[in-house]
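To start, the structure under review is shown below, and the notes come after it.
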Amino acid sequence: MFGMFLKGILTGLVFGVPAGAIGALTIQRTIRHGFVPGLVTGLGSSLADLIYGFAGISGITVISGFITSYSHYIQIAGGIFIAILGILVFKKGQEEVTGNSSNGNIVFYFLSSFCAAIMNPASVLSFIAAFTMLGINGSVNFAEGAGLLSGILSGTLCWWAALAGIVSLYRDRVTGRIYKVLNVMLGSLMLVFGVVMVIKGAVIVPAKALK
């Protein structure tokens, strides 16, 4: 079980940590509201990672087949959602950074990052690839599965806690002007991610399916 736990941590750190939209969202919310909102944003992604991991160890063939069949629809929906979040972050560039650590809408922070992560079909396929590389198949027992999922959760939580913690350390040094520039940059980055996902889902994926 301990060996599966270590494999889970490795999987969570390498394959379960999105450096794109969720990372940008975590940074923005940490600067805006403090450590807790940033961490909660990461927790939403961690829950999606647990679902990916469970899907990978419980029914690789069925899940991968479903994702492949409907990936372009899921990707389009996810891209639109991330683009909307990016626009909201971009609009924050018109506001001043707060001096306190108001937690804001914690439930929204959690659910929005969860939805953004769960609607990325490439993620679950990445987990399946990771399990294949590590020699993990769908025949793991309960103890091994629990160890693996615990490791994935621990790995992703370490990453999000570290990211939110590092950003929060320098939060007080962020001036109003820097905050506005960061919001424009992070919002634009998320918007680009969203548009790329929509294009891939609407054009690239269906084109491959027709071949």
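Starting from 1 in every chain, residues are counted up; chains themselves are A, B, ... following the order of the structure tokens, and ligands are numbered from 1 as listed.
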
Quiz item: Do you know which residues are at most 12 Å from Ala161 of chain A counting only C-alpha atoms, after dropping those on the same chain fewer than 5 positions away, and could you put them as a PyMOL selection string?
Solution: chain A and resi 17+23+26-27+30+34-43+46+153-156+166-168

Quiz prompt | Two-atom distance - atom CA of Phe131 of chain A, atom CA of Tyr73 of chain A (Å) | solution =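 Separation of atom CA of Phe131 of chain A and atom CA of Tyr73 of chain A: 25.1 Å.
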
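Near Ile9 of chain A, within a cut-off of 12 Å and counting only C-alpha atoms, sit the residues Phe2, Gly3, Met4, Phe5, Leu6, Gly12, Leu13, Val14, Phe15, Gly16, Val17, Asp49, Leu50, Gly53, Ala130, Leu134, Gly147, Leu148, Leu149, Ser150, Gly151, Ile152, Leu153, Ser154, Gly155, Thr156, Leu157, Cys158 and Trp159 of chain A, with same-chain residues fewer than 3 positions away left out.
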
Restricted to C-alpha atoms, what would the selected residues look like written as a PDB file, in the first residue's frame?
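Final output, part08.pdb:
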ATOM      1  CA  PHE A   2       2.856   2.388   0.815  1.00  0.00           C
ATOM      2  CA  GLY A   3       4.322   1.769  -2.626  1.00  0.00           C
ATOM      3  CA  MET A   4       1.004   2.725  -4.227  1.00  0.00           C
ATOM      4  CA  PHE A   5       0.883   5.802  -2.007  1.00  0.00           C
ATOM      5  CA  LEU A   6       4.267   6.922  -3.358  1.00  0.00           C
ATOM      6  CA  GLY A  12      -0.384  13.859  -8.475  1.00  0.00           C
ATOM      7  CA  LEU A  13       2.724  16.023  -8.742  1.00  0.00           C
ATOM      8  CA  VAL A  14       3.611  15.215 -12.356  1.00  0.00           C
ATOM      9  CA  PHE A  15       0.248  14.614 -14.032  1.00  0.00           C
ATOM     10  CA  GLY A  16      -2.294  16.132 -11.669  1.00  0.00           C
ATOM     11  CA  VAL A  17      -0.944  19.667 -11.434  1.00  0.00           C
ATOM     12  CA  ASP A  49      -7.924  14.703  -9.861  1.00  0.00           C
ATOM     13  CA  LEU A  50      -9.369  12.184  -7.395  1.00  0.00           C
ATOM     14  CA  GLY A  53      -7.717   8.692 -10.503  1.00  0.00           C
ATOM     15  CA  ALA A 130       0.443   7.760 -15.947  1.00  0.00           C
ATOM     16  CA  LEU A 134       3.715   3.069 -13.502  1.00  0.00           C
ATOM     17  CA  GLY A 147      -3.226   4.251  -1.121  1.00  0.00           C
ATOM     18  CA  LEU A 148      -3.024   5.456  -4.712  1.00  0.00           C
ATOM     19  CA  LEU A 149      -5.846   7.962  -4.343  1.00  0.00           C
ATOM     20  CA  SER A 150      -4.452   9.191  -1.023  1.00  0.00           C
ATOM     21  CA  GLY A 151      -1.115   9.760  -2.716  1.00  0.00           C
ATOM     22  CA  ILE A 152      -2.716  11.681  -5.588  1.00  0.00           C
ATOM     23  CA  LEU A 153      -4.578  13.888  -3.112  1.00  0.00           C
ATOM     24  CA  SER A 154      -1.421  14.460  -1.039  1.00  0.00           C
ATOM     25  CA  GLY A 155       0.680  15.304  -4.104  1.00  0.00           C
ATOM     26  CA  THR A 156      -1.782  17.831  -5.499  1.00  0.00           C
ATOM     27  CA  LEU A 157      -2.462  19.391  -2.089  1.00  0.00           C
ATOM     28  CA  CYS A 158       1.266  19.892  -1.510  1.00  0.00           C
ATOM     29  CA  TRP A 159       1.531  21.696  -4.833  1.00  0.00           C
TER      30      TRP A 159
END

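For the atom pair formed by atom CA of Leu10 of chain A and atom CA of Ala55 of chain A, the distance is 17.5 Å, given to one decimal.
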
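Proximity to Ile31 of chain A was assessed for A:Gly201, A:Val195, A:Val89, A:Leu189 counting only C-alpha atoms; the smallest distance is recorded for A:Val89.
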
Quiz item: Using only C-alpha atoms, which of the listed residues (A:Val184, A:Leu163, A:Leu85, A:Val198) sits closest to Asn120 of chain A?
Solution: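 Smallest separation from Asn120 of chain A among the options: A:Val198.
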